[in-house]
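First up is the structure itself, then whatever we jot down about it.
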Amino acid sequence: MAPDPLLGSGADRNTTLQVCVNGARDAVQHPWLSADATVVADDAARAIGLGAQEIHVHPKDAAARDSLAGDDVARWVRAMRAACPGAPVGVTTGAWAEPDVARRLAAIAGWTELPDYASVNWHEAGADEVAALLLSRGVRIEAGIWGGAGLEAWRRSPVRGECLRVLVELPDESAKTVRDHVEGLIAHVVGEEPSIPILLHGEERSAWPAFDLAVELGLDTRIGLEDTLTLPDGRIASDNAAMVRVAMGRMPVG
């Protein structure tokens, strides 16, 4: 089998660092959480220049709300690719952007600028249908696993083995609980798909502890304004690039 261009090859594959540039946050929370795709793309480009290899972005509409509409997805994916040529670009398919499954599927079917991959949250209604549609269009799948319900739904999914990777995603929780939570989820994922890559990340209080644990365990990981607004010392990060700079300093060299 030829090496996957998004994953590399087996034991020789380096840990992937993804920058998650905006998320579902309100634009007023940080100056770089803009409704302007070119502004966010400029920040993403600096993050890529500092060592991040991939981009995860939430396309926005004119009111800065998460959107799955074809025009919005195209505008944001094109902006990222123009600013960061060669870097894989992924988007969300979160149900909060379109709660109705039929309308969510219709929106995705209308995408004209396809991302390299898309995250699908398996605790959400319609996950199998969304994933199957994306795969039929040549878009790879990141399987978002937040807890037991999502894990069980993914375990039963007919497309489980076709996923690019599993996102083991932690909620905003104390650093003291991160390792136990992660080890339990990973054990179940590996029990089902022993060779599937895992990207571990947290949110707010768990973001940097999860990042450090991912580095320790040799897992893929991500950092950015979607997951946290702060640096490990508690200071507000100036932008995504500042977080990637700190993250690279916490990763092994070579």
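Starting from 1 in every chain, residues are counted up; chains themselves are A, B, ... following the order of the structure tokens, and ligands are numbered from 1 as listed.
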Excluding region 211-219 of chain A and any residue of its chain fewer than 5 positions from it, enumerate the residues within 7 Å of it, using only C-alpha atoms, and give them as a PyMOL selection string. chain A and resi 15+198-201+251
**Request:** Run DSSP on the backbone and grab whatever in region 3-250 of chain A lands in helix (DSSP H, G or I); send it over as a PyMOL selection string.
**Result:** chain A and resi 10-12+27-29+37-49+70-83+101-109+127-136+148-155+160-162+175-192+204-217+240-249
For Leu164 (chain A), the closest of A:Gly191, A:Gly147, A:Gly138, A:Pro197 counting only C-alpha atoms is A:Pro197
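The neighbours of region 98-107 of chain A here are the residues that come within 8 Å of it, using only C-alpha atoms and leaving out any residue fewer than 5 positions away in the same chain; they are Ser67, Leu68, Ala69, Gly70, Ala125, Gly126, Glu129, Val130 and Leu133 of chain A.
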With N, CA, C and O atoms kept, could you save the residues just selected as an mmCIF file, in the first residue's frame?
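Writing done, so here's again18.cif:
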```
data_model
loop_
_atom_site.group_PDB
_atom_site.id
_atom_site.type_symbol
_atom_site.label_atom_id
_atom_site.label_comp_id
_atom_site.auth_asym_id
_atom_site.auth_seq_id
_atom_site.Cartn_x
_atom_site.Cartn_y
_atom_site.Cartn_z
ATOM 1 N N SER A 67 -20.554 27.793 9.720
ATOM 2 C CA SER A 67 -21.407 27.559 8.563
ATOM 3 C C SER A 67 -20.911 26.360 7.767
ATOM 4 O O SER A 67 -19.707 26.158 7.596
ATOM 5 N N LEU A 68 -21.864 25.570 7.272
ATOM 6 C CA LEU A 68 -21.567 24.473 6.348
ATOM 7 C C LEU A 68 -22.007 24.820 4.927
ATOM 8 O O LEU A 68 -21.887 23.977 4.032
ATOM 9 N N ALA A 69 -22.487 26.031 4.719
ATOM 10 C CA ALA A 69 -22.948 26.452 3.394
ATOM 11 C C ALA A 69 -21.797 26.418 2.401
ATOM 12 O O ALA A 69 -20.665 26.783 2.723
ATOM 13 N N GLY A 70 -22.094 25.994 1.176
ATOM 14 C CA GLY A 70 -21.058 25.816 0.174
ATOM 15 C C GLY A 70 -20.222 27.054 -0.073
ATOM 16 O O GLY A 70 -18.993 26.978 -0.183
ATOM 17 N N ALA A 125 -26.163 13.008 15.981
ATOM 18 C CA ALA A 125 -27.064 12.325 15.059
ATOM 19 C C ALA A 125 -26.572 12.505 13.629
ATOM 20 O O ALA A 125 -26.115 13.586 13.238
ATOM 21 N N GLY A 126 -26.641 11.447 12.831
ATOM 22 C CA GLY A 126 -26.281 11.520 11.422
ATOM 23 C C GLY A 126 -24.808 11.325 11.124
ATOM 24 O O GLY A 126 -24.395 11.485 9.975
ATOM 25 N N GLU A 129 -24.027 8.884 8.235
ATOM 26 C CA GLU A 129 -24.451 9.409 6.944
ATOM 27 C C GLU A 129 -23.531 10.531 6.478
ATOM 28 O O GLU A 129 -23.168 10.613 5.290
ATOM 29 N N VAL A 130 -23.157 11.422 7.403
ATOM 30 C CA VAL A 130 -22.240 12.512 7.062
ATOM 31 C C VAL A 130 -20.896 11.952 6.615
ATOM 32 O O VAL A 130 -20.329 12.370 5.593
ATOM 33 N N LEU A 133 -21.085 10.287 3.142
ATOM 34 C CA LEU A 133 -21.172 11.281 2.078
ATOM 35 C C LEU A 133 -19.816 11.912 1.814
ATOM 36 O O LEU A 133 -19.398 12.076 0.653
#
```
**Asked** Per DSSP on the backbone, what are the strand (DSSP E) residues of region 142-174 of chain A, as JSON, numbers by chain?
**Response** {"A": [142, 143, 144, 145, 165, 166, 167, 168, 169]}
Write the residues you've just listed into a file as a JSON list (two decimals), in the first residue's frame, and include C-alpha atoms for each of them.
```
[["chain", "number", "residue", "atom", "x", "y", "z"],
["A", 142, "GLU", "CA", -11.38, 12.63, 11.41],
["A", 143, "ALA", "CA", -13.59, 10.72, 13.87],
["A", 144, "GLY", "CA", -14.31, 12.92, 16.88],
["A", 145, "ILE", "CA", -14.68, 10.83, 20.05],
["A", 165, "ARG", "CA", -7.59, 9.23, 12.26],
["A", 166, "VAL", "CA", -9.48, 9.32, 15.52],
["A", 167, "LEU", "CA", -9.65, 12.57, 17.48],
["A", 168, "VAL", "CA", -9.58, 11.73, 21.18],
["A", 169, "GLU", "CA", -11.11, 14.94, 22.49]]
```
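In terms of minimum interatomic distance to Val21 (chain A), A:Ser34 ranks closest within A:Ser34, A:Ser195, A:Ser206, A:Ser119, counting only C-alpha atoms.
As for CA of Gly49 (chain A) and CA of Ala87 (chain A), they are spaced 10.4 Å apart.
If you measure from each of A:Asp180, A:Asp239, A:Glu203, A:Val91 to Glu226 (chain A) using only C-alpha atoms, the closest one turns out to be A:Glu203.
Using only C-alpha atoms, the residues found no farther than 12 Å from Ala83 (chain A), other than those of its own chain fewer than 3 positions away, are Ala37, Thr38, Val39, Val40, Ala41, Asp42, Asp43, Ala44, Ala45, Arg46, Ala47, Ile48, Gly49, Ile55, Trp76, Val77, Arg78, Ala79, Met80, Gly86, Ala87, Pro88 and Val89 of chain A.
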Residues from last step as file, N, CA, C and O atoms, as a PDB file, in the first residue's frame:
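Generated file (out-v1.pdb):
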```
ATOM      1  N   ALA A  37     -12.015  35.605   6.391  1.00  0.00           N
ATOM      2  CA  ALA A  37     -11.206  34.409   6.165  1.00  0.00           C
ATOM      3  C   ALA A  37      -9.748  34.743   5.881  1.00  0.00           C
ATOM      4  O   ALA A  37      -8.839  33.998   6.281  1.00  0.00           O
ATOM      5  N   THR A  38      -9.480  35.851   5.217  1.00  0.00           N
ATOM      6  CA  THR A  38      -8.096  36.184   4.881  1.00  0.00           C
ATOM      7  C   THR A  38      -7.302  36.578   6.119  1.00  0.00           C
ATOM      8  O   THR A  38      -6.096  36.308   6.198  1.00  0.00           O
ATOM      9  N   VAL A  39      -7.959  37.197   7.100  1.00  0.00           N
ATOM     10  CA  VAL A  39      -7.275  37.549   8.345  1.00  0.00           C
ATOM     11  C   VAL A  39      -6.856  36.281   9.089  1.00  0.00           C
ATOM     12  O   VAL A  39      -5.707  36.140   9.541  1.00  0.00           O
ATOM     13  N   VAL A  40      -7.777  35.340   9.228  1.00  0.00           N
ATOM     14  CA  VAL A  40      -7.472  34.087   9.925  1.00  0.00           C
ATOM     15  C   VAL A  40      -6.429  33.293   9.139  1.00  0.00           C
ATOM     16  O   VAL A  40      -5.544  32.659   9.725  1.00  0.00           O
ATOM     17  N   ALA A  41      -6.509  33.342   7.814  1.00  0.00           N
ATOM     18  CA  ALA A  41      -5.537  32.622   6.988  1.00  0.00           C
ATOM     19  C   ALA A  41      -4.132  33.179   7.164  1.00  0.00           C
ATOM     20  O   ALA A  41      -3.149  32.431   7.134  1.00  0.00           O
ATOM     21  N   ASP A  42      -4.004  34.479   7.342  1.00  0.00           N
ATOM     22  CA  ASP A  42      -2.684  35.067   7.577  1.00  0.00           C
ATOM     23  C   ASP A  42      -2.069  34.525   8.873  1.00  0.00           C
ATOM     24  O   ASP A  42      -0.877  34.217   8.932  1.00  0.00           O
ATOM     25  N   ASP A  43      -2.895  34.415   9.915  1.00  0.00           N
ATOM     26  CA  ASP A  43      -2.433  33.846  11.176  1.00  0.00           C
ATOM     27  C   ASP A  43      -2.067  32.376  10.989  1.00  0.00           C
ATOM     28  O   ASP A  43      -1.042  31.903  11.488  1.00  0.00           O
ATOM     29  N   ALA A  44      -2.886  31.640  10.251  1.00  0.00           N
ATOM     30  CA  ALA A  44      -2.585  30.236   9.975  1.00  0.00           C
ATOM     31  C   ALA A  44      -1.261  30.089   9.245  1.00  0.00           C
ATOM     32  O   ALA A  44      -0.474  29.174   9.530  1.00  0.00           O
ATOM     33  N   ALA A  45      -0.988  30.987   8.313  1.00  0.00           N
ATOM     34  CA  ALA A  45       0.264  30.919   7.560  1.00  0.00           C
ATOM     35  C   ALA A  45       1.466  31.092   8.472  1.00  0.00           C
ATOM     36  O   ALA A  45       2.497  30.414   8.311  1.00  0.00           O
ATOM     37  N   ARG A  46       1.365  32.001   9.436  1.00  0.00           N
ATOM     38  CA  ARG A  46       2.476  32.168  10.378  1.00  0.00           C
ATOM     39  C   ARG A  46       2.646  30.918  11.241  1.00  0.00           C
ATOM     40  O   ARG A  46       3.763  30.503  11.548  1.00  0.00           O
ATOM     41  N   ALA A  47       1.520  30.307  11.617  1.00  0.00           N
ATOM     42  CA  ALA A  47       1.591  29.073  12.411  1.00  0.00           C
ATOM     43  C   ALA A  47       2.241  27.944  11.617  1.00  0.00           C
ATOM     44  O   ALA A  47       3.072  27.188  12.151  1.00  0.00           O
ATOM     45  N   ILE A  48       1.891  27.834  10.349  1.00  0.00           N
ATOM     46  CA  ILE A  48       2.507  26.817   9.493  1.00  0.00           C
ATOM     47  C   ILE A  48       3.998  27.101   9.339  1.00  0.00           C
ATOM     48  O   ILE A  48       4.840  26.196   9.382  1.00  0.00           O
ATOM     49  N   GLY A  49       4.337  28.360   9.187  1.00  0.00           N
ATOM     50  CA  GLY A  49       5.746  28.723   9.048  1.00  0.00           C
ATOM     51  C   GLY A  49       6.577  28.391  10.272  1.00  0.00           C
ATOM     52  O   GLY A  49       7.794  28.172  10.168  1.00  0.00           O
ATOM     53  N   ILE A  55      -4.046  22.374   9.120  1.00  0.00           N
ATOM     54  CA  ILE A  55      -4.966  23.414   9.589  1.00  0.00           C
ATOM     55  C   ILE A  55      -6.342  22.800   9.794  1.00  0.00           C
ATOM     56  O   ILE A  55      -6.847  22.070   8.927  1.00  0.00           O
ATOM     57  N   TRP A  76     -13.504  29.963   2.842  1.00  0.00           N
ATOM     58  CA  TRP A  76     -12.530  29.720   3.905  1.00  0.00           C
ATOM     59  C   TRP A  76     -11.465  28.711   3.480  1.00  0.00           C
ATOM     60  O   TRP A  76     -10.276  28.900   3.779  1.00  0.00           O
ATOM     61  N   VAL A  77     -11.846  27.666   2.789  1.00  0.00           N
ATOM     62  CA  VAL A  77     -10.849  26.682   2.349  1.00  0.00           C
ATOM     63  C   VAL A  77      -9.906  27.315   1.335  1.00  0.00           C
ATOM     64  O   VAL A  77      -8.681  27.121   1.392  1.00  0.00           O
ATOM     65  N   ARG A  78     -10.438  28.104   0.418  1.00  0.00           N
ATOM     66  CA  ARG A  78      -9.583  28.778  -0.564  1.00  0.00           C
ATOM     67  C   ARG A  78      -8.620  29.749   0.102  1.00  0.00           C
ATOM     68  O   ARG A  78      -7.446  29.845  -0.289  1.00  0.00           O
ATOM     69  N   ALA A  79      -9.101  30.472   1.103  1.00  0.00           N
ATOM     70  CA  ALA A  79      -8.230  31.419   1.804  1.00  0.00           C
ATOM     71  C   ALA A  79      -7.077  30.692   2.490  1.00  0.00           C
ATOM     72  O   ALA A  79      -5.919  31.152   2.447  1.00  0.00           O
ATOM     73  N   MET A  80      -7.384  29.570   3.142  1.00  0.00           N
ATOM     74  CA  MET A  80      -6.325  28.808   3.809  1.00  0.00           C
ATOM     75  C   MET A  80      -5.323  28.271   2.798  1.00  0.00           C
ATOM     76  O   MET A  80      -4.101  28.331   3.012  1.00  0.00           O
ATOM     77  N   GLY A  86       0.055  23.816   0.132  1.00  0.00           N
ATOM     78  CA  GLY A  86       0.613  22.513   0.483  1.00  0.00           C
ATOM     79  C   GLY A  86       0.182  21.982   1.832  1.00  0.00           C
ATOM     80  O   GLY A  86       0.355  20.789   2.100  1.00  0.00           O
ATOM     81  N   ALA A  87      -0.337  22.830   2.706  1.00  0.00           N
ATOM     82  CA  ALA A  87      -0.767  22.372   4.033  1.00  0.00           C
ATOM     83  C   ALA A  87      -2.175  21.789   3.931  1.00  0.00           C
ATOM     84  O   ALA A  87      -3.082  22.459   3.435  1.00  0.00           O
ATOM     85  N   PRO A  88      -2.384  20.560   4.412  1.00  0.00           N
ATOM     86  CA  PRO A  88      -3.747  20.007   4.412  1.00  0.00           C
ATOM     87  C   PRO A  88      -4.693  20.871   5.227  1.00  0.00           C
ATOM     88  O   PRO A  88      -4.341  21.371   6.289  1.00  0.00           O
ATOM     89  N   VAL A  89      -5.906  21.029   4.718  1.00  0.00           N
ATOM     90  CA  VAL A  89      -6.917  21.870   5.360  1.00  0.00           C
ATOM     91  C   VAL A  89      -8.130  21.014   5.695  1.00  0.00           C
ATOM     92  O   VAL A  89      -8.688  20.348   4.813  1.00  0.00           O
TER      93      VAL A  89
END
```
* Asked: Quick one: residues within 9 Å of Thr112 (chain A), only C-alpha atoms counted, chain neighbours fewer than 3 positions away excluded, as a count of residues only?
  -> 5
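Here CA of Glu204 (chain A) is placed at a distance of 15.8 Å from CA of Val244 (chain A).
Restricting the calculation to only C-alpha atoms, the smallest distance between Gly202 (chain A) and any of A:Ala175, A:Ala241, A:Leu170, A:Leu225 is found for A:Leu170.
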Might you pull out every residue within 9 Å of Arg245 (chain A), with only C-alpha atoms counted and same-chain residues fewer than 6 positions away left off, and present them as an mmCIF file with C-alpha atoms, in the first residue's frame?
```cif
data_model
loop_
_atom_site.group_PDB
_atom_site.id
_atom_site.type_symbol
_atom_site.label_atom_id
_atom_site.label_comp_id
_atom_site.auth_asym_id
_atom_site.auth_seq_id
_atom_site.Cartn_x
_atom_site.Cartn_y
_atom_site.Cartn_z
ATOM 1 C CA ALA A 47 1.591 29.073 12.411
ATOM 2 C CA LEU A 50 6.635 28.011 12.672
ATOM 3 C CA GLY A 51 6.121 24.262 12.361
ATOM 4 C CA ALA A 52 2.425 23.331 12.314
#
```
